[in-house]
Structures are given as C-alpha cells and as structure tokens.
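K.L.:
For reference, the structure I am asking about is given below.
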Amino acid sequence: MAHRRFSTLRRIPRPIWVLGCVSMLMDVSSEMVHSLLPMFLVSTLGASVAAIGLIEGIAEASAQVVKIFSGSLSDYLGNRKWLAVAGYALGAASKPFFAVATSAQLVLAARFADRIGKGIRGAPRDALVADIAPPASRGAAFGLRQALDTVGAFAGPLVAAGLMFLWAGDYRRIFWIAVVPGAMAVLLLALGIREPEHAGRSRGVNPIRRDNLARLSGGYWWVVAIGAVFTLARFSEAFLVLRAMQGGMEPALVPLLMVAMNVVYALSAYPFGKLADAMSHMRLLVAGLGFLVCADLVLAHSGAWPAVLLGVSLWGLHMGMTQGLLAVMVAQTAPPDLKGTAFGFFNLVGGLATLAASVVAGVLWERAGAAATFHAGAGFSVLAAILIVVRGRAERDGRLH
C-alpha cells in the first residue's frame, strides 16, 4: 500500500509540486492574518459579529465572482501562469494594509483586495493543474496541491499563535510579518513554472460566446449546483474563531484551533484525492457532508474548547474529502479549451452562495445565537446530501463519474 502511494506521488509532474508550494506559502501569509482578523476586528476595532459576517461574505464572494473573468481570460489568452502570478502579487500586496487599518471599513478594503487577488489566480491555477496532470492521476494531483496548500493553512495560524505569545498580542506587527511568505510565493511561481503548450486550447476565441457555453454539459452544471449547496452549508471559517472566543479561550490560543483543522485537512486531502480516482465521487461527497453535519452539531452544542476542537477537526476532515474532489469533477466534465471558464463559472456561483451564507450566519448569530448558526449549516448539509443521493439514483449510468 505504501509503495503504491509513493509510486503515485512520483508520477505527479514537478510543476504540480511547485504550484502546491506556491499555494502553501501564500496560505501561510493569508492565514497569519485571517486567523487573527475576527479577534482584531472585535477587540481592537470594535466591530460587531454581523459586520464580520458581511465583511467575510463580500470578500469571499468577490473572489469567486472574479474567477469567472480570470478563468475565461486564461482560455482566451491561452496562458494561465501570468494571470496566476498577478493574482498572487495582489494578494501579497494587500497584507500591509491590514497592519495599518484603523477601522472595519479599511479592513474590508484590504480583505476585498486580498480576495480579488485570490479570484484572479484561482481559476487559472486550477486549470493549470488540470492541463499538467495526467488524466489517470488527476484526483491525486488536485489532492496533492490541496494538501500542500493546507500545510500553509495550518502553519500560518501556528506562526501567528507563537508570535502572539512572543509579542504580547501585537496584531499589527504580526500582519507586517505576513508580507514575507506572500512575496516568496509570487517569486516561486514567476520563476519556477513554464506554461505548458496544449493543442486543445483555442487562443483568441471568446470562451463565453453562446456556442461555447452550450458545450458545457448538463453534468458540468450539476457539479456547479452541488458546489453552490456545499457553500451554503459551509459558511466562513471566521465563525469557528468566534465560537472559540465565545467559549472563553485565550486569544493567543485561538489560532491553534485553525491549526488543528488544517492539519486534519492537509493529512486527508491527498489520500481522499487519490481515492477519488478509484471510487464513486457521489459517495465521497455524501460522506464528506456527513462529517460536516457532525461538525455543525458539535459546535452548536458547546463553545467549550474540547467541543470546538472536535468540531473544527471534523470540519477539516470534511474539507479534505470534498474540496479537491469538486475540482476534479469540474475538470472531468469541462471541454479542454474551456477549463478556465468552467472553473470560473463554478466559483462564480459558489461566490454568490458564500455571500448569502456568511451574511445569514452573521445575522443568525446576532439575533438567535451561535447554536442557530451551526444548526442552519447542518440543515443545508442534509439538503445537499439529499440532492446528491436523488441525482445519483437518476444517473446510474455513471455520466457524472
């Protein structure tokens, strides 16, 4: 078993590893900021939970909306790398503005710029992975990139927690340090990857013309719908941080909960990505939703640190099982010359769902309490699982797999 695992890893092309390391460095940078940002907004700037929900919703939705344009542009230009470089550069450039922010409005502007950068790079990067990875190991390739990305997602909060202890809660100083790994990510991508040539791409052809969009199959649009319902079920992770704060956890320790979540996420992303190459995608998605329901119910029940730790760990397992899988499903159902556009539309719809989910979560938290927010997430998770099972029964010929 171990021999086969390492054999699969060796077959994954070097540029996939480079893209994973780029994602890892940028996530170190971003999560150093994001793991502390809800506390910074509440304790330093005096923002409300509803305002945090609005900030997170606008920021994440804008990232997803931009992906439709960047993905289509990468198809049109026949080049994905330099759009991704531009997106990573904007994300890195936004970090100093968190350090100098004196109001929630300035944080929103910085968060907006950071997520616009994510939107610019996301679809071209995912399409680049799909271009480079051999079809037989595409699930493993997406899983590996996601696993390396998630290493950064737990290393960032870990560094932030250490610096919170070292510098006695100096949020702004930590935000300045976050600039360094972001700049390293930009340099690695610019110098470490060469754009692959693919005969399937059609340069200079508008990918969002009606005749081109008609080539996106019903199977693809079903994947888009599944992704949207998933997003409604999984609101911003800022609410996990707020749940830990509500339970009275020491602020310097709160980022360690995100470390726990992302350790689970990183350890599970590659194995489940590899498993997706060999088994039903629908079964994996339903299993992942089951873990999300469990996470929501645990977090609804208690804000004490053992419960929050268990809840965020189950949340991380859900992410590891489903996030790379959804990307694989998009790649498998999209024409080769429209992969960037396909990822863009997928993220556009997900972005609108993100905005709705985060705003609703913030309002529920303010008016009905934290438990109501997590119960609503569990309800959407059950709805998503029912939709997948019903669709799976109607598609027993396996067209979506």
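Residues in the structure tokens are numbered from 1 in each chain, the chains being A, B, ... in the order shown, and ligands are numbered from 1 in the order shown.
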Per residue of range 18-41 of chain A within 12 Å of range 116-130 of chain A, what are the shortest atom pair and its distance in Å to one decimal, counting only C-alpha atoms, with rows by chain and residue number, as a tab-separated table?
P.N.:
residue	atom	partner	partner_atom	distance
A:Val18	CA	A:Val129	CA	10.6
A:Leu19	CA	A:Arg125	CA	7.9
A:Gly20	CA	A:Val129	CA	9.7
A:Val22	CA	A:Arg125	CA	10.4
A:Ser23	CA	A:Arg125	CA	9.6
A:Met26	CA	A:Lys118	CA	9.8
A:Asp27	CA	A:Lys118	CA	10.6
A:Ser30	CA	A:Lys118	CA	10.3
K.L.:
Can those selected residues be exported to a file as a JSON list (two decimals), in the first residue's frame so that it contains N, CA and C atoms?
P.N.:
[["chain", "number", "residue", "atom", "x", "y", "z"],
["A", 18, "VAL", "N", 5.39, 22.41, -7.52],
["A", 18, "VAL", "CA", 5.71, 23.84, -7.42],
["A", 18, "VAL", "C", 4.45, 24.63, -7.12],
["A", 19, "LEU", "N", 3.36, 24.34, -7.85],
["A", 19, "LEU", "CA", 2.10, 25.03, -7.59],
["A", 19, "LEU", "C", 1.61, 24.80, -6.16],
["A", 20, "GLY", "N", 1.81, 23.59, -5.67],
["A", 20, "GLY", "CA", 1.43, 23.30, -4.29],
["A", 20, "GLY", "C", 2.25, 24.13, -3.30],
["A", 22, "VAL", "N", 3.70, 27.02, -3.93],
["A", 22, "VAL", "CA", 3.25, 28.41, -4.06],
["A", 22, "VAL", "C", 2.00, 28.63, -3.22],
["A", 23, "SER", "N", 1.03, 27.72, -3.35],
["A", 23, "SER", "CA", -0.20, 27.83, -2.56],
["A", 23, "SER", "C", 0.11, 27.77, -1.07],
["A", 26, "MET", "N", 1.55, 31.18, 0.14],
["A", 26, "MET", "CA", 0.53, 32.22, 0.20],
["A", 26, "MET", "C", -0.46, 31.95, 1.33],
["A", 27, "ASP", "N", -0.74, 30.67, 1.60],
["A", 27, "ASP", "CA", -1.65, 30.38, 2.69],
["A", 27, "ASP", "C", -1.01, 30.67, 4.05],
["A", 30, "SER", "N", -1.64, 34.38, 4.25],
["A", 30, "SER", "CA", -3.04, 34.74, 4.44],
["A", 30, "SER", "C", -3.58, 34.30, 5.79]]
K.L.:
Quick one: everything within 12 Å of Val330 in chain A, counting only C-alpha atoms, minus sequence neighbours fewer than 4 positions away in the same chain. Send it as a ChimeraX atom specification.
P.N.:
/A:123,126-127,130,138-139,142,216-227,281,323-326,334-336,338-347,400-401
K.L.:
Using only C-alpha atoms, determine which residues lie at most 12 Å from Ile177 in chain A, disregarding the query and same-chain residues fewer than 6 positions distant; provide the list as JSON, numbers by chain.
P.N.:
{"A": [28, 29, 30, 31, 32, 33, 92, 95, 96, 98, 99, 156, 159, 160, 163, 170, 171, 183]}
K.L.:
Include N, CA and C atoms and write out the residues we just selected as an mmCIF file, in the first residue's frame.
P.N.:
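Done, and the output landed in part.cif:
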data_model
loop_
_atom_site.group_PDB
_atom_site.id
_atom_site.type_symbol
_atom_site.label_atom_id
_atom_site.label_comp_id
_atom_site.auth_asym_id
_atom_site.auth_seq_id
_atom_site.Cartn_x
_atom_site.Cartn_y
_atom_site.Cartn_z
ATOM 1 N N VAL A 28 0.292 30.465 4.179
ATOM 2 C CA VAL A 28 0.971 30.880 5.408
ATOM 3 C C VAL A 28 0.727 32.375 5.626
ATOM 4 N N SER A 29 0.940 33.155 4.575
ATOM 5 C CA SER A 29 0.756 34.597 4.649
ATOM 6 C C SER A 29 -0.691 34.965 4.990
ATOM 7 N N SER A 30 -1.636 34.379 4.249
ATOM 8 C CA SER A 30 -3.043 34.743 4.437
ATOM 9 C C SER A 30 -3.581 34.299 5.788
ATOM 10 N N GLU A 31 -3.229 33.077 6.209
ATOM 11 C CA GLU A 31 -3.790 32.569 7.458
ATOM 12 C C GLU A 31 -3.167 33.208 8.685
ATOM 13 N N MET A 32 -1.953 33.741 8.577
ATOM 14 C CA MET A 32 -1.416 34.540 9.678
ATOM 15 C C MET A 32 -2.322 35.728 9.961
ATOM 16 N N VAL A 33 -2.895 36.271 8.905
ATOM 17 C CA VAL A 33 -3.823 37.404 9.053
ATOM 18 C C VAL A 33 -5.225 36.910 9.417
ATOM 19 N N ALA A 92 -0.378 39.368 -2.056
ATOM 20 C CA ALA A 92 0.779 39.742 -1.235
ATOM 21 C C ALA A 92 0.780 41.234 -0.930
ATOM 22 N N LYS A 95 -1.409 42.695 2.140
ATOM 23 C CA LYS A 95 -1.137 42.389 3.548
ATOM 24 C C LYS A 95 -0.740 43.604 4.389
ATOM 25 N N PRO A 96 0.084 44.539 3.894
ATOM 26 C CA PRO A 96 0.435 45.689 4.743
ATOM 27 C C PRO A 96 -0.769 46.527 5.168
ATOM 28 N N PHE A 98 -3.674 45.537 6.215
ATOM 29 C CA PHE A 98 -4.255 45.046 7.464
ATOM 30 C C PHE A 98 -3.505 45.637 8.655
ATOM 31 N N ALA A 99 -2.199 45.767 8.510
ATOM 32 C CA ALA A 99 -1.373 46.257 9.615
ATOM 33 C C ALA A 99 -1.645 47.713 9.956
ATOM 34 N N GLY A 156 0.326 28.866 9.027
ATOM 35 C CA GLY A 156 0.064 30.282 9.246
ATOM 36 C C GLY A 156 -0.491 30.576 10.631
ATOM 37 N N VAL A 159 2.218 29.927 13.324
ATOM 38 C CA VAL A 159 3.164 31.045 13.437
ATOM 39 C C VAL A 159 2.492 32.230 14.134
ATOM 40 N N ALA A 160 1.237 32.503 13.768
ATOM 41 C CA ALA A 160 0.518 33.618 14.388
ATOM 42 C C ALA A 160 0.367 33.430 15.890
ATOM 43 N N LEU A 163 3.729 34.043 17.586
ATOM 44 C CA LEU A 163 4.062 35.467 17.628
ATOM 45 C C LEU A 163 3.143 36.236 18.575
ATOM 46 N N ASP A 170 0.420 41.679 19.777
ATOM 47 C CA ASP A 170 0.611 42.799 18.848
ATOM 48 C C ASP A 170 0.149 42.373 17.449
ATOM 49 N N TYR A 171 -1.145 42.552 17.178
ATOM 50 C CA TYR A 171 -1.719 42.114 15.909
ATOM 51 C C TYR A 171 -1.019 42.757 14.712
ATOM 52 N N ALA A 183 5.305 37.351 -0.576
ATOM 53 C CA ALA A 183 6.255 37.756 -1.621
ATOM 54 C C ALA A 183 7.032 36.554 -2.147
#
K.L.:
So what do you get for CA of Gly273 in chain A versus CA of Pro306 in chain A, distance-wise?
P.N.:
28.9 Å
K.L.:
Just the residues within 9 Å of Trp17 in chain A, please, counting only C-alpha atoms, with nothing from its chain fewer than 3 positions along; format it as a short mmCIF file (atom, residue, chain, number, x, y, z; two decimals) with N, CA and C atoms, in the first residue's frame.
P.N.:
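Okay, this is what ended up in result-v9.cif:
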data_model
loop_
_atom_site.label_atom_id
_atom_site.label_comp_id
_atom_site.auth_asym_id
_atom_site.auth_seq_id
_atom_site.Cartn_x
_atom_site.Cartn_y
_atom_site.Cartn_z
N ILE A 12 3.46 12.25 -10.24
CA ILE A 12 2.88 13.60 -10.34
C ILE A 12 3.95 14.55 -10.84
N PRO A 13 3.68 15.30 -11.91
CA PRO A 13 4.70 16.17 -12.52
C PRO A 13 5.22 17.24 -11.54
N ARG A 14 6.50 17.62 -11.74
CA ARG A 14 7.15 18.60 -10.86
C ARG A 14 6.38 19.92 -10.77
N GLY A 20 1.81 23.59 -5.67
CA GLY A 20 1.43 23.30 -4.29
C GLY A 20 2.25 24.13 -3.30
N CYS A 21 3.55 24.25 -3.56
CA CYS A 21 4.40 25.05 -2.67
C CYS A 21 4.06 26.54 -2.73
N VAL A 22 3.70 27.02 -3.93
CA VAL A 22 3.25 28.41 -4.06
C VAL A 22 2.00 28.63 -3.22
N ALA A 141 -3.35 14.55 -8.16
CA ALA A 141 -2.68 15.84 -8.38
C ALA A 141 -3.41 16.98 -7.67
N LEU A 144 -2.89 16.53 -3.95
CA LEU A 144 -1.56 16.94 -3.51
C LEU A 144 -1.47 18.46 -3.41
N ARG A 145 -1.96 19.16 -4.45
CA ARG A 145 -1.90 20.62 -4.39
C ARG A 145 -2.71 21.15 -3.21
N LEU A 148 -0.75 20.47 0.10
CA LEU A 148 0.33 21.43 0.33
C LEU A 148 -0.24 22.81 0.69
#
K.L.:
Using only C-alpha atoms, which of the listed residues (A:Ala278, A:Ala109, A:Ala50, A:Ala178) sits closest to Thr373 in chain A?
P.N.:
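Result for the nearest residue to Thr373 in chain A: A:Ala50.
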K.L.:
Give me the residues within 8 Å of Ala93 in chain A as a PyMOL selection string, counting only C-alpha atoms and dropping any in the same chain fewer than 3 places off.
P.N.:
chain A and resi 89-90+96+114+179
K.L.:
What does the distance from CA of Gly288 in chain A to CA of Ala140 in chain A come to in Å, to one decimal?
P.N.:
17.3 Å
K.L.:
Between A:Leu158, A:Ala304, A:Leu213, A:Val186, which is the closest to Met261 in chain A once you count only C-alpha atoms?
P.N.:
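Distance minimum relative to Met261 in chain A lands on A:Leu158.
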K.L.:
Between A:Ser74, A:Ser62, A:Ser236, A:Gln146, which is the closest to Glu195 in chain A once you count only C-alpha atoms?
P.N.:
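The closest residue to Glu195 in chain A is A:Ser74.
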K.L.:
Determine the nearest neighbour of Phe230 in chain A from the options A:Pro15, A:Gly377, A:Gly87, A:Gly316, counting only C-alpha atoms.
P.N.:
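Checking each of A:Pro15, A:Gly377, A:Gly87, A:Gly316 against Phe230 in chain A, counting only C-alpha atoms, the winner is A:Gly377.
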K.L.:
From a DSSP pass on the backbone, collect the residues of range 82-232 of chain A flagged as helix (DSSP H, G or I) and hand them back as a VMD selection string.
P.N.:
chain A and resid 82 to 100 104 to 132 135 to 166 171 to 177 179 to 192 210 to 213 218 to 232
K.L.:
Neighbouring residues of Leu317 in chain A were defined as those with any atom within 9 Å, considering only C-alpha atoms; residues of the same chain fewer than 5 positions away were excluded. Please report them as a list in words.
P.N.:
Met261, Asn262, Val264, Tyr265, Ala266, Leu267, Ser268, Ala269, Gly288, Phe291, Leu292, Val312 and Thr322 of chain A
K.L.:
Keeping C-alpha atoms for every residue in the selection just given, could you write it to a file as a PDB file, in the first residue's frame?
P.N.:
ATOM      1  CA  MET A 261      -8.495  21.944  11.444  1.00  0.00           C
ATOM      2  CA  ASN A 262      -5.907  22.405   8.746  1.00  0.00           C
ATOM      3  CA  VAL A 264      -6.666  17.233   9.518  1.00  0.00           C
ATOM      4  CA  TYR A 265      -7.417  18.866   6.166  1.00  0.00           C
ATOM      5  CA  ALA A 266      -3.816  18.511   4.949  1.00  0.00           C
ATOM      6  CA  LEU A 267      -3.480  14.884   6.068  1.00  0.00           C
ATOM      7  CA  SER A 268      -6.759  13.851   4.439  1.00  0.00           C
ATOM      8  CA  ALA A 269      -6.707  15.842   1.156  1.00  0.00           C
ATOM      9  CA  GLY A 288     -17.969  14.416   3.481  1.00  0.00           C
ATOM     10  CA  PHE A 291     -18.787  14.845   8.695  1.00  0.00           C
ATOM     11  CA  LEU A 292     -19.856  18.473   8.170  1.00  0.00           C
ATOM     12  CA  VAL A 312     -13.123  22.090  13.773  1.00  0.00           C
ATOM     13  CA  THR A 322     -14.639  17.223  -0.741  1.00  0.00           C
TER      14      THR A 322
END
K.L.:
So the first atom is CA of Arg194 in chain A and the second is CA of Pro134 in chain A; what is the distance between them in Å, to one decimal place?
P.N.:
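Between CA of Arg194 in chain A and CA of Pro134 in chain A the gap works out to 16.8 Å.
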K.L.:
Write out as a Markdown table a residue-level contact list of range 182-296 of chain A versus range 356-370 of chain A with cut-off 12 Å: for each qualifying residue the closest pair of atoms and the distance in Å to one decimal, counting only C-alpha atoms, rows sorted by chain and residue number upward.
P.N.:
| residue | atom | partner | partner_atom | distance |
| --- | --- | --- | --- | --- |
| A:Ala228 | CA | A:Ala357 | CA | 10.2 |
| A:Val229 | CA | A:Ala357 | CA | 9.9 |
| A:Phe230 | CA | A:Ala357 | CA | 10.3 |
| A:Thr231 | CA | A:Ala357 | CA | 7.3 |
| A:Leu232 | CA | A:Ala357 | CA | 5.1 |
| A:Ala233 | CA | A:Ala357 | CA | 7.5 |
| A:Arg234 | CA | A:Ala357 | CA | 7.5 |
| A:Phe235 | CA | A:Ser358 | CA | 5.3 |
| A:Ser236 | CA | A:Ser358 | CA | 5.9 |
| A:Glu237 | CA | A:Ser358 | CA | 9.4 |
| A:Ala238 | CA | A:Ser358 | CA | 9.3 |
| A:Phe239 | CA | A:Ala361 | CA | 8.2 |
| A:Leu240 | CA | A:Ala370 | CA | 10.0 |
| A:Val241 | CA | A:Ala370 | CA | 11.7 |
| A:Leu242 | CA | A:Ala370 | CA | 9.0 |
| A:Arg243 | CA | A:Ala370 | CA | 7.2 |
| A:Ala244 | CA | A:Ala370 | CA | 10.9 |
| A:Met245 | CA | A:Ala370 | CA | 11.5 |
| A:Gln246 | CA | A:Ala370 | CA | 9.0 |
| A:Gly247 | CA | A:Ala370 | CA | 10.8 |
| A:Asp296 | CA | A:Ala370 | CA | 10.5 |
K.L.:
For the residues in the current selection, export C-alpha atoms as a short mmCIF file (atom, residue, chain, number, x, y, z; two decimals), in the first residue's frame.
P.N.:
data_model
loop_
_atom_site.label_atom_id
_atom_site.label_comp_id
_atom_site.auth_asym_id
_atom_site.auth_seq_id
_atom_site.Cartn_x
_atom_site.Cartn_y
_atom_site.Cartn_z
CA ALA A 228 -23.27 26.02 -4.53
CA VAL A 229 -25.25 24.00 -1.99
CA PHE A 230 -21.99 22.89 -0.37
CA THR A 231 -21.04 26.54 0.02
CA LEU A 232 -24.37 27.41 1.64
CA ALA A 233 -23.73 24.62 4.14
CA ARG A 234 -20.17 25.79 4.92
CA PHE A 235 -20.08 29.48 5.85
CA SER A 236 -16.90 31.43 6.63
CA GLU A 237 -14.36 29.88 8.98
CA ALA A 238 -14.32 33.22 10.84
CA PHE A 239 -17.32 31.84 12.76
CA LEU A 240 -15.19 28.96 14.05
CA VAL A 241 -12.80 31.53 15.52
CA LEU A 242 -15.71 33.46 17.04
CA ARG A 243 -17.11 30.27 18.59
CA ALA A 244 -13.77 29.65 20.31
CA MET A 245 -13.67 33.25 21.57
CA GLN A 246 -17.22 32.90 22.88
CA GLY A 247 -16.12 29.87 24.89
CA ASP A 296 -22.03 21.70 12.98
#
K.L.:
Considering only C-alpha atoms, can you say which of A:Ala51, A:Ala168, A:Leu257, A:Met319 comes closest to Leu284 in chain A?
P.N.:
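Closest residue, counting only C-alpha atoms: A:Met319.
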